[in-house]
file run_1.txt (compact mmCIF, C-alpha atoms and all ligand atoms)
# COMPACT_ATOMS: atom_id res chain seq x y z
CA MET A 1309 15.44 -20.90 -18.93
CA PRO A 1310 12.33 -18.99 -17.90
CA VAL A 1311 9.73 -21.11 -16.16
CA PRO A 1312 6.07 -20.69 -17.11
CA LYS A 1313 3.99 -19.27 -14.29
CA ASN A 1314 0.31 -18.65 -13.75
CA CYS A 1315 -0.59 -15.00 -14.20
CA PRO A 1316 -1.84 -13.70 -10.85
CA HIS A 1317 -4.52 -11.66 -12.63
CA CYS A 1318 -6.04 -13.98 -15.23
CA GLY A 1319 -4.49 -17.32 -14.30
CA LYS A 1320 -3.07 -17.88 -17.78
CA LEU A 1321 0.35 -19.50 -18.10
CA TYR A 1322 3.06 -17.05 -19.11
CA LEU A 1323 6.82 -16.77 -19.19
CA GLU A 1324 8.11 -14.34 -16.64
CA VAL A 1325 10.19 -11.70 -18.39
CA GLY A 1326 10.46 -9.03 -15.75
CA HIS A 1327 6.74 -8.40 -15.32
CA LYS A 1328 4.82 -10.12 -12.60
CA MET A 1329 1.92 -10.92 -14.93
CA CYS A 1330 1.22 -12.10 -18.44
CA LEU A 1331 1.71 -9.75 -21.37
CA ASP A 1332 -2.05 -9.27 -21.86
CA CYS A 1333 -2.54 -8.17 -18.28
CA PHE A 1334 0.60 -6.08 -18.41
CA THR A 1335 -0.69 -4.22 -21.48
CA VAL A 1336 -4.03 -3.62 -19.78
CA GLU A 1337 -2.26 -2.38 -16.66
CA GLN A 1338 -0.12 -0.03 -18.74
CA GLU A 1339 -3.25 1.45 -20.28
CA MET A 1340 -4.83 1.80 -16.86
CA GLU A 1341 -1.75 3.55 -15.52
CA GLN A 1342 -1.77 5.86 -18.50
CA ARG A 1343 -5.38 6.72 -17.81
CA VAL A 1344 -4.58 7.43 -14.17
CA MET A 1345 -1.60 9.63 -15.08
CA GLU A 1346 -3.73 11.64 -17.47
CA TYR A 1347 -6.48 12.04 -14.93
CA VAL A 1348 -4.03 13.23 -12.29
CA ARG A 1349 -2.48 15.69 -14.75
CA GLU A 1350 -5.86 17.13 -15.70
CA ASN A 1351 -7.37 17.32 -12.24
CA ARG A 1352 -5.83 19.03 -9.27
CA GLN A 1353 -5.83 17.70 -5.75
CA VAL A 1354 -7.36 14.32 -6.51
CA ASN A 1355 -7.45 11.45 -4.10
CA VAL A 1356 -7.52 7.72 -4.67
CA LYS A 1357 -11.32 7.59 -4.59
CA ASP A 1358 -11.60 10.30 -7.28
CA ILE A 1359 -9.24 8.36 -9.49
CA VAL A 1360 -11.05 5.05 -8.98
CA ASP A 1361 -14.48 6.63 -9.54
CA ASN A 1362 -13.47 8.55 -12.64
CA THR A 1363 -11.10 6.20 -14.43
CA GLY A 1364 -12.53 2.84 -13.41
CA VAL A 1365 -9.04 1.72 -12.46
CA LYS A 1366 -8.80 -0.61 -9.49
CA GLU A 1367 -7.85 1.02 -6.21
CA ARG A 1368 -5.13 -1.59 -5.71
CA LEU A 1369 -3.38 -0.42 -8.86
CA VAL A 1370 -3.69 3.27 -7.96
CA ILE A 1371 -2.19 2.63 -4.54
CA LYS A 1372 0.57 0.58 -6.10
CA MET A 1373 1.38 3.51 -8.39
CA ILE A 1374 1.51 5.89 -5.43
CA ARG A 1375 3.77 3.51 -3.53
CA GLU A 1376 6.04 3.38 -6.55
CA GLY A 1377 6.22 7.18 -6.40
CA ARG A 1378 4.61 7.64 -9.80
CA PHE A 1379 3.04 10.94 -8.80
CA MET A 1380 6.02 12.31 -6.92
CA GLN A 1381 7.18 14.34 -9.89
CA SER A 1382 3.69 15.54 -10.59
CA GLU A 1383 2.79 19.01 -9.36
CA TYR A 1384 -0.29 17.66 -7.67
CA PRO A 1385 0.33 14.98 -5.12
CA VAL A 1386 -2.32 12.29 -4.89
CA ALA A 1387 -3.81 11.66 -1.48
CA TYR A 1388 -4.44 8.12 -0.36
CA PRO A 1389 -5.86 6.74 2.87
CA CYS A 1390 -3.77 6.24 5.99
CA GLU A 1391 -3.48 2.50 6.59
CA SER A 1392 -4.54 2.99 10.17
CA CYS A 1393 -7.36 5.57 10.26
CA GLY A 1394 -8.14 6.32 6.59
CA GLU A 1395 -7.20 10.00 6.71
CA PRO A 1396 -5.87 11.22 3.36
CA ILE A 1397 -2.08 11.32 3.27
CA PHE A 1398 0.53 12.06 0.61
CA HIS A 1399 3.47 9.96 1.63
CA GLY A 1400 4.36 7.09 3.91
CA LYS A 1401 1.90 4.45 5.08
CA VAL A 1402 0.14 6.19 7.94
CA CYS A 1403 -0.73 9.80 8.71
CA ARG A 1404 1.27 11.91 11.12
CA LYS A 1405 -1.26 11.46 13.90
CA CYS A 1406 -1.11 7.69 13.62
CA SER A 1407 2.64 7.58 13.34
CA GLU A 1408 2.91 9.76 16.45
CA LYS A 1409 0.44 7.49 18.22
CA PHE A 1410 2.44 4.50 17.08
CA MET A 1411 5.72 6.03 18.31
CA ASP A 1412 4.00 6.75 21.59
CA GLU A 1413 2.90 3.15 21.96
CA VAL A 1414 6.36 1.90 21.11
CA ALA A 1415 7.83 4.23 23.73
CA LYS A 1416 5.30 2.99 26.31
CA LEU A 1417 6.03 -0.59 25.40
CA ASN A 1418 9.74 -0.01 25.73
CA ALA A 1419 9.21 1.60 29.12
CA ALA A 1420 7.07 -1.34 30.22
CA ASN A 1421 9.65 -3.83 29.01
CA ALA A 1422 12.32 -2.05 30.99
CA GLN A 1423 10.47 -2.98 34.19
CA PRO A 1424 10.91 -6.65 35.13
CA GLN A 1425 7.51 -6.94 36.88
CA ASN A 1426 5.87 -6.44 33.51
CA ALA A 1427 7.71 -9.33 31.92
CA ASN A 1428 4.68 -11.61 32.22
CA ARG A 1429 2.35 -9.20 30.55
CA HIS A 1430 4.86 -8.86 27.76
CA SER A 1431 5.07 -12.59 27.12
CA MET A 1432 1.26 -12.74 27.12
CA ALA A 1433 1.28 -10.16 24.38
CA MET A 1434 3.81 -12.23 22.48
CA MET A 1435 1.54 -15.26 22.75
CA ARG A 1436 -1.41 -13.29 21.49
CA ASP A 1437 0.70 -12.18 18.56
CA SER A 1438 1.72 -15.70 17.62
CA ASP A 1439 -1.92 -16.78 17.86
CA LYS A 1440 -2.83 -14.17 15.30
CA ARG A 1441 -0.30 -15.50 12.86
CA LYS A 1442 -1.94 -18.96 12.66
ZN ZN A 1501 -2.84 -12.32 -17.17
ZN ZN A 1502 -4.00 7.85 10.43

call {"tool": "encode", "arguments": {"input": "run_1.txt", "output": "structure tokens", "more": "lines below"}}
Ligand SMILES: [Zn+2]
Ligand SMILES: [Zn+2]
result
Amino acid sequence: MPVPKNCPHCGKLYLEVGHKMCLDCFTVEQEMEQRVMEYVRENRQVNVKDIVDNTGVKERLVIKMIREGRFMQSEYPVAYPCESCGEPIFHGKVCRKCSEKFMDEVAKLNAANAQPQNANRHSMAMMRDSDKRK
């Protein structure tokens, strides 16, 4: 038995049948996606901002489509901002620079953890982390 849920977009009650929104919102989203696909087909080398500005589709939806790999088969990959610095990227979550920086930090952290005298600093960092989560 499907349970009625509130649509996360419009708040209307709907029966979940595989979509995470009501049928109205799903139809709208389908149309939006169609518009985005057409725009990407007709324009080369577009980025998320171009799409949002020219189709009126919400950035959230465009990024969702990229994450789902909707443009992977397309000849023209769509650039979207690196989650860390905002540089345009074509795959993954962060650009190469940021992922290298991140790997570097992880390596440093691992090296620091390997030395017992740094144990205190490490647990401080852990406490700061758990504070953030509150
Ligand atoms: Zn809805
Ligand atoms: Zn970056």

call {"tool": "closest_residue", "arguments": {"input": "run_1.txt", "among": "A:Lys1357, A:Leu1331, A:Asn1418, A:Gly1364", "to": "Pro1389 (chain A)", "atoms": "only C-alpha atoms"}}
result
A:Lys1357

call {"tool": "residues_near_ligand", "arguments": {"input": "run_1.txt", "ligand": "ligand ZN 1501 (chain A)", "cutoff": "12 Å", "atoms": "only C-alpha atoms and all ligand atoms", "output": "ChimeraX atom specification"}}
result
/A:1313-1324,1327-1337

call {"tool": "residues_near_ligand", "arguments": {"input": "run_1.txt", "ligand": "ligand ZN 1502 (chain A)", "cutoff": "9 Å", "atoms": "all atoms listed in the file", "output": "MDAnalysis selection string"}}
result
chainID A and resid 1389:1397 1401:1407 1409

call {"tool": "residues_near_point", "arguments": {"input": "run_1.txt", "point": "(-4.3, 11.6, -3.9)", "cutoff": "6 Å", "atoms": "all atoms listed in the file", "output": "list in words"}}
result
Val1354, Asn1355, Val1356, Pro1385, Val1386, Ala1387 and Tyr1388 of chain A

call {"tool": "atom_distance", "arguments": {"input": "run_1.txt", "atom1": "CA of Arg1378 (chain A)", "atom2": "CA of Glu1408 (chain A)"}}
result
26.4 Å

call {"tool": "atom_distance", "arguments": {"input": "run_1.txt", "atom1": "CA of Gln1342 (chain A)", "atom2": "CA of Asn1362 (chain A)"}}
result
13.4 Å

call {"tool": "atom_distance", "arguments": {"input": "run_1.txt", "atom1": "CA of Lys1366 (chain A)", "atom2": "CA of Val1348 (chain A)"}}
result
14.9 Å

call {"tool": "closest_residue", "arguments": {"input": "run_1.txt", "among": "A:Glu1350, A:Met1345, A:Val1325, A:Ala1422", "to": "Met1373 (chain A)", "atoms": "all atoms listed in the file"}}
result
A:Met1345

call {"tool": "closest_residue", "arguments": {"input": "run_1.txt", "among": "A:Gln1353, A:Met1340, A:Glu1413, A:His1399", "to": "Val1370 (chain A)", "atoms": "all atoms listed in the file"}}
result
A:Met1340

call {"tool": "decode", "arguments": {"input": "run_1.txt", "residues": "region 1347-1383 of chain A", "atoms": "N, CA and C atoms", "output": "compact mmCIF listing (two decimals), in the first residue's frame"}}
result
# COMPACT_ATOMS: atom_id res chain seq x y z
N TYR A 1347 18.59 22.88 -25.05
CA TYR A 1347 19.53 23.99 -25.00
C TYR A 1347 20.97 23.49 -25.12
N VAL A 1348 21.27 22.41 -24.43
CA VAL A 1348 22.63 21.86 -24.46
C VAL A 1348 22.95 21.33 -25.86
N ARG A 1349 21.95 20.74 -26.51
CA ARG A 1349 22.16 20.24 -27.87
C ARG A 1349 22.44 21.37 -28.85
N GLU A 1350 21.74 22.49 -28.65
CA GLU A 1350 21.84 23.58 -29.62
C GLU A 1350 23.01 24.52 -29.35
N ASN A 1351 23.53 24.49 -28.17
CA ASN A 1351 24.61 25.41 -27.82
C ASN A 1351 25.83 24.63 -27.36
N ARG A 1352 26.96 24.95 -27.93
CA ARG A 1352 28.17 24.25 -27.54
C ARG A 1352 28.77 24.87 -26.30
N GLN A 1353 29.47 24.02 -25.55
CA GLN A 1353 30.30 24.50 -24.44
C GLN A 1353 29.51 25.39 -23.48
N VAL A 1354 28.37 24.95 -23.05
CA VAL A 1354 27.61 25.76 -22.10
C VAL A 1354 28.00 25.37 -20.68
N ASN A 1355 27.77 26.27 -19.76
CA ASN A 1355 27.95 25.92 -18.37
C ASN A 1355 26.62 26.06 -17.65
N VAL A 1356 26.62 25.74 -16.37
CA VAL A 1356 25.37 25.72 -15.62
C VAL A 1356 24.69 27.10 -15.67
N LYS A 1357 25.52 28.16 -15.53
CA LYS A 1357 24.96 29.50 -15.50
C LYS A 1357 24.26 29.83 -16.82
N ASP A 1358 24.89 29.45 -17.95
CA ASP A 1358 24.25 29.68 -19.26
C ASP A 1358 22.89 29.01 -19.30
N ILE A 1359 22.86 27.78 -18.85
CA ILE A 1359 21.60 27.03 -18.90
C ILE A 1359 20.54 27.71 -18.04
N VAL A 1360 20.92 28.06 -16.81
CA VAL A 1360 19.96 28.69 -15.89
C VAL A 1360 19.46 30.01 -16.48
N ASP A 1361 20.40 30.83 -17.00
CA ASP A 1361 20.02 32.13 -17.53
C ASP A 1361 19.13 32.02 -18.76
N ASN A 1362 19.38 31.02 -19.59
CA ASN A 1362 18.68 30.96 -20.87
C ASN A 1362 17.44 30.07 -20.88
N THR A 1363 17.32 29.17 -19.94
CA THR A 1363 16.15 28.31 -19.93
C THR A 1363 15.22 28.62 -18.77
N GLY A 1364 15.74 29.34 -17.77
CA GLY A 1364 14.93 29.64 -16.59
C GLY A 1364 14.76 28.44 -15.67
N VAL A 1365 15.51 27.38 -15.96
CA VAL A 1365 15.44 26.19 -15.11
C VAL A 1365 16.30 26.42 -13.88
N LYS A 1366 15.85 25.89 -12.76
CA LYS A 1366 16.59 26.09 -11.51
C LYS A 1366 17.94 25.40 -11.55
N GLU A 1367 18.94 26.08 -10.99
CA GLU A 1367 20.30 25.54 -10.98
C GLU A 1367 20.34 24.15 -10.32
N ARG A 1368 19.56 24.00 -9.26
CA ARG A 1368 19.52 22.74 -8.53
C ARG A 1368 19.19 21.58 -9.47
N LEU A 1369 18.22 21.82 -10.36
CA LEU A 1369 17.79 20.77 -11.27
C LEU A 1369 18.88 20.48 -12.31
N VAL A 1370 19.51 21.55 -12.80
CA VAL A 1370 20.57 21.36 -13.80
C VAL A 1370 21.70 20.54 -13.20
N ILE A 1371 22.09 20.88 -11.98
CA ILE A 1371 23.18 20.16 -11.33
C ILE A 1371 22.77 18.71 -11.07
N LYS A 1372 21.52 18.53 -10.70
CA LYS A 1372 21.04 17.15 -10.51
C LYS A 1372 21.18 16.35 -11.80
N MET A 1373 20.81 16.99 -12.92
CA MET A 1373 20.90 16.30 -14.21
C MET A 1373 22.35 15.95 -14.54
N ILE A 1374 23.27 16.85 -14.22
CA ILE A 1374 24.68 16.58 -14.49
C ILE A 1374 25.14 15.40 -13.63
N ARG A 1375 24.75 15.43 -12.36
CA ARG A 1375 25.14 14.37 -11.44
C ARG A 1375 24.60 13.03 -11.93
N GLU A 1376 23.42 13.07 -12.53
CA GLU A 1376 22.84 11.83 -13.03
C GLU A 1376 23.49 11.39 -14.34
N GLY A 1377 24.41 12.23 -14.85
CA GLY A 1377 25.12 11.87 -16.08
C GLY A 1377 24.28 12.07 -17.32
N ARG A 1378 23.32 12.99 -17.25
CA ARG A 1378 22.43 13.19 -18.39
C ARG A 1378 23.14 13.74 -19.62
N PHE A 1379 24.25 14.41 -19.41
CA PHE A 1379 24.94 15.02 -20.55
C PHE A 1379 26.18 14.22 -20.96
N MET A 1380 26.39 13.09 -20.31
CA MET A 1380 27.58 12.31 -20.59
C MET A 1380 27.61 11.86 -22.05
N GLN A 1381 26.45 11.48 -22.58
CA GLN A 1381 26.41 11.00 -23.94
C GLN A 1381 26.45 12.14 -24.94
N SER A 1382 26.16 13.34 -24.44
CA SER A 1382 26.14 14.47 -25.35
C SER A 1382 27.57 14.80 -25.78
N GLU A 1383 27.70 15.34 -26.98
CA GLU A 1383 29.01 15.67 -27.51
C GLU A 1383 29.65 16.79 -26.72
